[in-house]
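Novice: mmCIF, C-alpha atoms, saved as coords_32.cif, coming up:
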```
data_input
loop_
_atom_site.label_atom_id
_atom_site.label_comp_id
_atom_site.auth_asym_id
_atom_site.auth_seq_id
_atom_site.Cartn_x
_atom_site.Cartn_y
_atom_site.Cartn_z
CA MET A 471 110.64 136.61 116.53
CA LEU A 472 111.65 133.74 114.23
CA ARG A 473 109.02 131.02 113.82
CA LEU A 474 110.93 127.84 113.07
CA VAL A 475 109.15 124.65 112.00
CA MET A 476 110.92 121.29 111.85
CA LEU A 477 109.51 118.31 109.95
CA VAL A 478 110.77 114.76 110.59
CA SER A 479 109.73 111.24 109.68
CA ASP A 480 109.69 110.09 113.29
CA LEU A 481 110.04 112.22 116.43
CA GLU A 482 112.12 109.45 118.00
CA GLY A 483 114.60 109.67 115.11
CA CYS A 484 115.03 113.45 115.17
CA PRO A 485 118.61 114.17 114.02
CA ALA A 486 121.02 115.70 116.53
CA LEU A 487 121.34 118.84 114.38
CA LEU A 488 117.62 119.62 114.63
CA HIS A 489 117.55 118.76 118.33
CA THR A 490 120.38 121.20 119.00
CA ILE A 491 118.93 124.00 116.87
CA GLY A 492 115.68 123.53 118.78
CA GLN A 493 117.55 124.19 122.02
CA MET A 494 118.83 127.50 120.66
CA HIS A 495 115.72 128.82 118.90
CA PRO A 496 112.00 128.51 119.74
CA ALA A 497 111.03 125.66 117.44
CA GLU A 498 107.98 123.54 116.67
CA ILE A 499 108.50 119.99 115.49
CA PHE A 500 106.04 117.80 113.59
CA GLU A 501 106.12 114.42 111.92
CA HIS A 502 105.59 114.55 108.14
CA ARG A 503 102.20 112.90 108.42
CA ASP A 504 101.02 115.71 110.72
CA ILE A 505 101.87 118.45 108.25
CA ALA A 506 98.30 119.79 108.38
CA ASP A 507 98.98 120.97 111.95
CA ALA A 508 102.19 122.82 111.09
CA ASP A 509 100.76 125.93 109.35
CA LEU A 510 103.80 126.58 107.18
CA LYS A 511 102.36 129.83 105.80
CA SER A 512 103.07 131.60 109.09
CA ALA A 513 106.57 130.13 109.43
CA ASP A 514 109.82 131.96 108.71
CA LEU A 515 112.02 128.90 108.31
CA VAL A 516 111.16 125.25 107.66
CA LEU A 517 113.74 122.49 108.11
CA VAL A 518 112.73 119.17 106.52
CA ASP A 519 114.54 115.99 107.53
CA LEU A 520 114.38 113.62 104.53
CA ALA A 521 115.90 110.52 106.11
CA ASP A 522 113.56 107.51 105.94
CA ALA A 523 110.69 109.66 104.68
CA SER A 524 107.93 107.82 102.83
CA ASP A 525 106.64 109.09 99.49
CA SER A 526 103.08 109.19 100.79
CA ASP A 527 103.96 111.35 103.80
CA LEU A 528 106.10 113.67 101.70
CA ALA A 529 103.22 114.28 99.29
CA GLY A 530 101.49 116.36 101.96
CA VAL A 531 104.75 118.13 102.80
CA ARG A 532 105.23 119.02 99.12
CA ASP A 533 101.77 120.58 98.92
CA ALA A 534 102.31 122.54 102.15
CA ILE A 535 105.65 123.90 100.96
CA ALA A 536 104.15 124.83 97.60
CA GLY A 537 101.42 126.71 99.46
CA ALA A 538 104.02 128.79 101.33
CA PRO A 539 106.32 129.96 98.50
CA THR A 540 107.84 132.89 100.42
CA VAL A 541 108.98 130.75 103.36
CA LEU A 542 112.59 129.58 103.37
CA SER A 543 112.61 125.77 103.36
CA ILE A 544 115.78 123.69 103.72
CA GLY A 545 116.15 119.93 103.40
CA LEU A 546 118.39 117.79 105.59
CA VAL A 547 119.97 114.90 103.68
CA ARG A 548 122.29 112.01 104.49
CA ALA A 549 125.75 112.26 102.98
CA GLY A 550 125.96 110.37 99.70
CA ASN A 551 122.29 109.40 99.77
CA ARG A 552 120.91 110.03 96.27
CA ARG A 553 117.29 109.31 97.27
CA ASP A 554 117.32 112.10 99.87
CA LYS A 555 118.52 114.58 97.27
CA VAL A 556 115.95 113.46 94.71
CA GLN A 557 113.23 113.92 97.32
CA ALA A 558 114.55 117.40 98.15
CA ASP A 559 114.25 118.34 94.48
CA ALA A 560 110.74 116.87 94.29
CA LEU A 561 109.68 118.96 97.30
CA GLY A 562 110.99 122.12 95.65
CA LEU A 563 113.65 122.67 98.30
CA GLY A 564 116.20 124.99 96.78
CA ARG A 565 118.71 124.43 99.57
CA ILE A 566 119.96 121.38 101.41
CA TRP A 567 122.10 120.78 104.49
CA SER A 568 123.91 117.66 105.53
CA ARG A 569 122.27 115.99 108.53
CA THR A 570 125.72 116.03 110.15
CA ARG A 571 126.49 119.68 109.41
CA PRO A 572 128.44 121.36 112.25
CA VAL A 573 125.87 122.97 114.50
CA LYS A 574 127.84 126.23 114.79
CA ASP A 575 127.69 126.65 111.00
CA ALA A 576 123.94 126.03 110.93
CA LEU A 577 123.27 128.44 113.80
CA ARG A 578 125.45 131.10 112.20
CA GLU A 579 123.53 130.84 108.94
CA ILE A 580 120.18 131.12 110.73
CA ASP A 581 121.41 134.20 112.63
CA LEU A 582 122.66 135.84 109.44
CA GLN A 583 119.34 135.20 107.72
CA PHE A 584 116.94 136.10 110.53
CA GLY A 585 118.93 137.97 113.16
CA SER A 586 120.37 136.66 116.40
CA TYR A 587 117.96 135.29 118.99
CA ALA A 588 120.55 136.31 121.56
CA GLN A 589 120.22 140.02 120.82
CA PRO A 590 117.41 142.28 122.10
CA ASP A 591 115.73 145.07 120.14
CA LEU A 592 116.72 148.18 122.08
CA PRO A 593 115.11 151.58 121.41
CA ALA A 594 117.32 154.36 120.06
CA SER A 595 116.86 156.23 123.35
CA THR A 596 118.85 153.57 125.27
CA PRO A 597 121.98 155.19 126.76
CA GLN A 598 125.08 154.27 124.80
CA GLN A 599 127.00 152.40 127.49
CA THR A 600 123.87 150.61 128.68
CA ALA A 601 123.16 149.42 125.13
CA ARG A 602 126.77 148.31 124.77
CA SER A 603 126.58 146.38 128.04
CA VAL A 604 123.30 144.63 127.28
CA GLN A 605 124.44 143.71 123.78
CA ALA A 606 127.79 142.44 125.07
CA MET A 607 126.15 140.38 127.78
CA SER A 608 123.59 138.96 125.34
CA ALA A 609 126.34 138.05 122.90
CA ALA A 610 128.35 136.37 125.66
CA LEU A 611 125.33 134.29 126.70
CA GLY A 612 124.72 133.33 123.07
CA GLU A 613 128.33 132.28 122.57
CA CYS A 614 128.25 130.29 125.81
CA ALA A 615 125.16 128.40 124.65
CA THR A 616 126.74 127.70 121.26
CA ALA A 617 129.94 126.50 122.95
CA VAL A 618 127.96 124.09 125.12
CA VAL A 619 126.00 122.51 122.29
CA SER A 620 129.07 122.30 120.05
CA GLU A 621 131.21 120.99 122.95
CA THR A 622 133.88 123.68 122.69
CA LEU A 623 135.45 125.94 125.32
CA LEU A 624 133.29 128.57 127.00
CA PRO A 625 134.26 132.15 126.01
CA LEU A 626 135.31 133.14 129.53
CA ALA A 627 137.24 136.22 128.39
CA GLN A 628 134.12 137.47 126.59
CA VAL A 629 132.08 136.89 129.75
CA ALA A 630 134.59 138.92 131.78
CA ARG A 631 134.46 141.81 129.29
CA ALA A 632 130.66 141.81 129.41
CA VAL A 633 130.80 142.09 133.20
CA ASP A 634 133.22 145.03 132.92
CA ASP A 635 130.90 146.73 130.41
CA THR A 636 128.02 146.34 132.85
CA LEU A 637 129.95 147.93 135.71
CA ASP A 638 130.73 150.86 133.39
CA ALA A 639 127.03 151.13 132.47
CA PHE A 640 126.06 151.29 136.15
CA ARG A 641 128.56 154.10 136.74
CA LEU A 642 127.62 156.12 133.67
CA ASP A 643 123.88 155.52 133.21
CA GLY A 644 122.64 154.07 136.47
CA MET A 645 121.24 150.66 137.25
CA ASP A 646 117.63 151.59 136.49
CA ALA A 647 118.40 152.37 132.84
CA TRP A 648 120.24 149.08 132.55
CA ILE A 649 117.38 147.05 134.07
CA SER A 650 114.88 148.69 131.72
CA ALA A 651 117.06 147.78 128.72
CA VAL A 652 117.55 144.18 129.84
CA GLN A 653 113.80 143.71 130.17
CA MET A 654 113.43 144.57 126.48
CA HIS A 655 114.91 141.17 125.62
CA HIS A 656 112.49 138.76 123.95
CA SER A 657 114.12 135.76 125.64
CA HIS A 658 113.04 135.26 129.26
CA THR A 659 116.11 133.09 129.83
CA TYR A 660 118.56 135.75 128.67
CA CYS A 661 116.67 138.44 130.56
CA HIS A 662 116.78 136.45 133.79
CA SER A 663 120.49 135.63 133.57
CA MET A 664 121.35 139.26 132.92
CA LEU A 665 119.14 140.59 135.70
CA VAL A 666 120.69 138.18 138.20
CA THR A 667 124.13 139.33 137.07
CA GLY A 668 123.22 142.99 137.46
CA TYR A 669 121.80 142.51 140.95
CA ALA A 670 124.82 140.40 141.94
CA LEU A 671 127.21 143.15 140.85
CA ALA A 672 125.24 145.78 142.73
CA PHE A 673 125.11 143.50 145.78
CA ALA A 674 128.88 142.97 145.62
CA ASP A 675 129.37 146.72 145.62
CA VAL A 676 127.15 147.15 148.70
CA LEU A 677 129.12 144.45 150.53
CA GLY A 678 132.44 146.05 149.59
CA LEU A 679 133.79 143.04 147.71
CA SER A 680 137.17 143.46 146.03
CA GLU A 681 137.45 143.99 142.29
CA SER A 682 138.50 140.37 141.73
CA GLU A 683 135.68 139.05 143.92
CA ARG A 684 133.18 141.23 142.07
CA ALA A 685 134.46 140.01 138.70
CA LEU A 686 134.21 136.36 139.77
CA LEU A 687 130.71 136.83 141.17
CA GLY A 688 129.58 138.57 137.97
CA ALA A 689 130.93 135.82 135.76
CA ALA A 690 129.37 133.15 137.98
CA ALA A 691 126.02 134.96 137.89
CA LEU A 692 126.07 135.16 134.10
CA LEU A 693 126.83 131.42 133.89
CA HIS A 694 124.59 130.34 136.77
CA ASP A 695 121.87 128.89 134.52
CA VAL A 696 124.13 127.49 131.79
CA GLY A 697 122.52 124.07 132.22
CA LYS A 698 119.28 125.49 130.81
CA VAL A 699 120.83 125.15 127.36
CA TYR A 700 119.60 121.56 127.51
CA ILE A 701 116.05 122.58 128.40
CA PRO A 702 113.82 123.13 125.32
CA LEU A 703 113.01 126.79 124.69
CA SER A 704 109.38 125.77 124.36
CA ILE A 705 109.53 125.20 128.13
CA LEU A 706 111.94 127.97 129.10
CA ASP A 707 110.04 130.67 127.22
CA LYS A 708 106.58 129.20 127.67
CA PRO A 709 104.07 132.09 127.92
CA ALA A 710 101.97 130.18 130.46
CA LYS A 711 102.49 128.53 133.83
CA LEU A 712 104.59 125.36 133.70
CA THR A 713 103.02 121.96 134.28
CA GLU A 714 104.42 119.71 137.02
CA GLU A 715 106.22 117.63 134.38
CA GLU A 716 107.76 120.73 132.79
CA PHE A 717 108.87 122.06 136.16
CA GLU A 718 110.59 118.74 136.90
CA ILE A 719 112.51 119.15 133.63
CA ILE A 720 113.51 122.69 134.68
CA ARG A 721 114.74 121.36 138.04
CA GLN A 722 117.36 119.30 136.20
CA HIS A 723 119.28 122.37 135.02
CA PRO A 724 121.68 122.60 138.01
CA ILE A 725 122.73 119.00 137.38
CA ARG A 726 123.33 119.80 133.70
CA SER A 727 125.27 122.90 134.75
CA ARG A 728 127.56 120.72 136.85
CA GLU A 729 128.18 118.39 133.89
CA ILE A 730 128.93 121.30 131.57
CA LEU A 731 131.18 123.31 133.85
CA GLU A 732 133.16 120.40 135.29
CA ALA A 733 134.10 119.46 131.72
CA GLN A 734 135.56 122.94 131.16
CA PRO A 735 139.28 123.17 132.07
CA HIS A 736 139.35 126.85 133.09
CA VAL A 737 136.18 127.25 135.17
CA SER A 738 136.82 127.78 138.89
CA GLN A 739 135.21 125.67 141.59
CA ALA A 740 133.55 128.82 142.95
CA VAL A 741 131.68 129.31 139.67
CA ILE A 742 130.64 125.65 139.60
CA ASP A 743 129.44 125.90 143.20
CA ILE A 744 127.16 128.84 142.37
CA ALA A 745 125.79 127.29 139.18
CA VAL A 746 124.99 123.99 140.87
CA HIS A 747 123.70 125.21 144.26
CA HIS A 748 121.85 128.52 143.82
CA HIS A 749 118.56 126.68 144.43
CA GLU A 750 119.70 125.27 147.78
CA TYR A 751 118.09 126.54 151.01
CA LEU A 752 119.70 126.84 154.43
CA ASP A 753 117.10 124.48 155.95
CA GLY A 754 118.00 121.71 153.48
CA SER A 755 114.78 121.93 151.45
CA GLY A 756 116.45 123.07 148.23
CA TYR A 757 117.87 121.14 145.26
CA PRO A 758 119.74 119.37 143.71
CA ASP A 759 121.90 118.21 146.65
CA GLY A 760 119.79 119.16 149.69
CA LEU A 761 122.62 121.18 151.24
CA LYS A 762 121.99 123.02 154.49
CA GLY A 763 123.59 125.63 156.74
CA ASP A 764 127.37 125.95 156.50
CA GLU A 765 127.43 123.60 153.50
CA ILE A 766 126.21 126.56 151.44
CA SER A 767 128.87 129.18 150.65
CA ARG A 768 128.38 132.92 151.10
CA ALA A 769 128.58 133.50 147.34
CA VAL A 770 125.84 130.94 146.74
CA ARG A 771 123.68 132.57 149.41
CA MET A 772 124.10 135.91 147.65
CA LEU A 773 123.16 134.45 144.27
CA THR A 774 120.12 132.72 145.73
CA ILE A 775 118.80 136.09 146.91
CA CYS A 776 119.52 137.72 143.54
CA ASP A 777 118.01 134.80 141.61
CA ILE A 778 114.73 134.77 143.55
CA TYR A 779 114.46 138.56 143.49
CA ALA A 780 115.03 138.72 139.73
CA ALA A 781 112.45 136.00 139.07
CA LEU A 782 109.85 137.90 141.10
CA ILE A 783 110.27 141.28 139.38
CA GLU A 784 110.44 139.85 135.85
CA LYS A 785 107.51 140.46 133.53
CA ARG A 786 105.93 137.21 132.34
CA ALA A 787 102.71 136.65 130.42
CA TYR A 788 101.29 134.32 133.07
CA LYS A 789 102.08 136.47 136.14
CA PRO A 790 102.32 140.15 137.05
CA ALA A 791 105.73 141.54 137.90
CA TYR A 792 106.24 142.20 141.60
CA SER A 793 107.33 145.65 142.65
CA PRO A 794 110.81 145.80 144.23
CA ARG A 795 109.25 146.19 147.70
CA GLN A 796 106.87 143.29 147.14
CA ALA A 797 109.73 141.07 145.93
CA TYR A 798 111.84 142.00 148.92
CA GLY A 799 108.92 141.16 151.20
CA VAL A 800 108.67 137.68 149.68
CA LEU A 801 112.36 137.15 150.45
CA VAL A 802 111.82 138.25 154.04
CA ASP A 803 108.94 135.79 154.32
CA LEU A 804 111.25 132.94 153.32
CA GLY A 805 112.72 133.25 156.80
CA LYS A 806 115.43 130.73 157.64
CA LYS A 807 115.47 129.29 154.14
CA ILE A 808 117.80 132.11 153.07
CA ASP A 809 120.50 134.19 154.77
CA GLN A 810 118.48 136.98 156.41
CA PRO A 811 121.53 139.08 157.52
CA LEU A 812 122.71 139.07 153.89
CA LEU A 813 119.17 139.94 152.78
CA LYS A 814 119.29 143.04 155.00
CA SER A 815 122.39 144.15 153.08
CA PHE A 816 120.55 143.48 149.80
CA ARG A 817 117.77 145.83 150.95
CA SER A 818 119.61 148.89 149.68
CA VAL A 819 119.89 147.31 146.19
CA ALA A 820 116.19 146.50 146.04
CA PHE A 821 115.07 149.84 147.42
CA GLU A 822 117.42 151.82 145.18
CA VAL A 823 115.68 150.20 142.22
CA ASP A 824 112.32 150.94 143.82
CA LYS A 825 113.29 154.60 144.38
CA ALA A 826 114.38 154.99 140.76
CA ALA A 827 111.12 153.44 139.55
CA SER A 828 109.12 155.78 141.79
CA VAL A 829 110.91 158.83 140.42
CA LYS A 830 110.19 157.64 136.89
CA ARG A 831 106.48 157.13 137.69
CA LYS A 832 106.20 160.60 139.21
CA ALA A 833 107.94 162.19 136.26
CA SER A 834 105.60 160.52 133.78
CA ALA A 835 102.58 161.63 135.84
CA PHE A 836 103.58 165.26 135.29
CA GLY A 837 104.06 164.78 131.58
#
```
Could you take the file, read its structure, and then write that structure out as structure tokens?
Specialist:
Amino acid sequence: MLRLVMLVSDLEGCPALLHTIGQMHPAEIFEHRDIADADLKSADLVLVDLADASDSDLAGVRDAIAGAPTVLSIGLVRAGNRRDKVQADALGLGRIWSRTRPVKDALREIDLQFGSYAQPDLPASTPQQTARSVQAMSAALGECATAVVSETLLPLAQVARAVDDTLDAFRLDGMDAWISAVQMHHSHTYCHSMLVTGYALAFADVLGLSESERALLGAAALLHDVGKVYIPLSILDKPAKLTEEEFEIIRQHPIRSREILEAQPHVSQAVIDIAVHHHEYLDGSGYPDGLKGDEISRAVRMLTICDIYAALIEKRAYKPAYSPRQAYGVLVDLGKKIDQPLLKSFRSVAFEVDKAASVKRKASAFG
């Protein structure tokens, strides 16, 4: 995975370009004077903001860059500012970007150089349609995130095609193969969004939803955490348990989702409802709006079940993954917080996954 280091004069004056790149890639940011803590030798890419940088602070940066000659280092300069460019030359930075460079261009260049953070590394044994589905869904999520940070239209047609590819993968390869492939993703955020989408599509099939209802639910599931684009990846992909302060930041994502989706002209109210309210509980103890009972739509209730279930079975460094039966049991124990009649219908989805996993374990036991 790309190790990206950002160096700035003052954390409070971090340019918007670096802030946005840091939302799209796991990044570490340091002030110039703290260069000793940055360990540039183990970095893949170093972005150096030269605005308002003092000569004394940059002396340490120059030595650190010189000590990591194989690492790509790029300077950010102000348009028409000769001093910034002179400093870039003095640091030995062979390449420079404008501080106001379009973020899509910068992200595209990083992806071309280091590979896309949005794409997983799938083994060659992955079934063809499953690989196509996971790659399409990952690409759709990546394009959605880029659209949000660059304030352009969401690629809704691409999202719809990714949902169609997933339905085809379920039919051809089975859901278990698809879940295994999704969990190969290095991004916990991408993995979670895709798992929720997969379970939502399977749930829709169990409930006999129409093709159009299934398509809408799949698109809504894929977009349900779009507000997390504004949460730093250092928090989203943290390999340890979140602090209370970090969890409070995470809890803001439904509000950010509402801001993002309401600004999009072609997003339905049903999709917005799911993205904003999938953390609401029937007893009113959820967030962000404290809805209760009939204020929560059936589609939201479905996504809440899928969202909690996916979070429980996901593999994270700080917690063991629950088995499908264990995860289902946790949902049962939530009682009146969630729609228990709907949960009973979801049982066949959870236990189908559990049955497939059991068959796989037995097969491996016999060599």
Novice: Counting all atoms listed in the file, which residues in region 636-700 of chain A sit no more than 9 Å from region 724-728 of chain A? For each one, give the nearest pair of atoms and the distance in Å, sorted by chain then residue number, as CSV.
Specialist:
```
residue,atom,partner,partner_atom,distance
A:Leu693,CA,A:Ser727,CA,8.7
A:His694,CA,A:Ser727,CA,7.7
A:Asp695,CA,A:Ser727,CA,6.9
A:Val696,CA,A:Ser727,CA,5.6
A:Gly697,CA,A:Ser727,CA,3.9
A:Lys698,CA,A:Arg726,CA,7.6
A:Val699,CA,A:Arg726,CA,8.7
A:Tyr700,CA,A:Arg726,CA,7.4
```
Novice: Filtering to C-alpha atoms, could you give me those residues as an mmCIF file, in the coordinates of the input?
Specialist:
```cif
data_model
loop_
_atom_site.group_PDB
_atom_site.id
_atom_site.type_symbol
_atom_site.label_atom_id
_atom_site.label_comp_id
_atom_site.auth_asym_id
_atom_site.auth_seq_id
_atom_site.Cartn_x
_atom_site.Cartn_y
_atom_site.Cartn_z
ATOM 1 C CA LEU A 693 126.830 131.420 133.890
ATOM 2 C CA HIS A 694 124.590 130.340 136.770
ATOM 3 C CA ASP A 695 121.870 128.890 134.520
ATOM 4 C CA VAL A 696 124.130 127.490 131.790
ATOM 5 C CA GLY A 697 122.520 124.070 132.220
ATOM 6 C CA LYS A 698 119.280 125.490 130.810
ATOM 7 C CA VAL A 699 120.830 125.150 127.360
ATOM 8 C CA TYR A 700 119.600 121.560 127.510
#
```
Novice: Give the answer as one residue: which of A:Asp554, A:Asp777, A:Asp707, A:Asp643 has the shortest atom-to-atom distance to Leu665 (chain A), using all atoms listed in the file?
Specialist: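 Once distances to Leu665 (chain A) are computed over all atoms listed in the file, the minimum belongs to A:Asp777.
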Novice: Can you translate the PyMOL selection byres ((chain A and resi 539) around 12) into the concrete residues it hits in this file, as a list in words?
Specialist: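 Selected by the PyMOL selection byres ((chain A and resi 539) around 12) in this file: Leu510, Lys511, Ser512, Ala513, Asp514, Leu515, Val516, Arg532, Asp533, Ala534, Ile535, Ala536, Gly537, Ala538, Thr540, Val541, Leu542, Ser543, Leu561, Gly562, Leu563 and Gly564 of chain A.
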Novice: Can you give me, as a PyMOL selection string, the residues this file yields under the PyMOL selection byres ((chain A and resi 488-502) around 7)?
Specialist: chain A and resi 473-481+484-487+503-505+508+527-528+531+577+587+619+699-704
Novice: Might you pull out every residue within 6 Å of region 600-617 of chain A, with only C-alpha atoms counted and same-chain residues fewer than 5 positions away left off, and present them as a PyMOL selection string?
Specialist: chain A and resi 588-589+622+624+628-629+632+635-636+639+648
Novice: Would you mind reading off the distance between CA of Val800 (chain A) and CA of Asp743 (chain A), one decimal, in Å?
Specialist: 24.7 Å
Novice: Find, counting all atoms listed in the file, the residue in A:Phe640, A:Gly545, A:Ile744, A:Ile580 that gets nearest to Ala560 (chain A).
Specialist: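 For Ala560 (chain A), the nearest of the candidates is A:Gly545.
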Novice: Would you kindly translate the PyMOL selection byres ((chain A and resi 774) around 12) into the concrete residues it picks from this file, as a VMD selection string?
Specialist: chain A and resid 666 to 667 669 to 670 673 691 694 to 695 743 to 752 756 to 757 766 to 773 775 to 781 801 804 807 to 810 812 to 813 816
Novice: Between CA of Phe717 (chain A) and CA of Val802 (chain A), measure the distance and give it in Å to one decimal.
Specialist: 24.3 Å
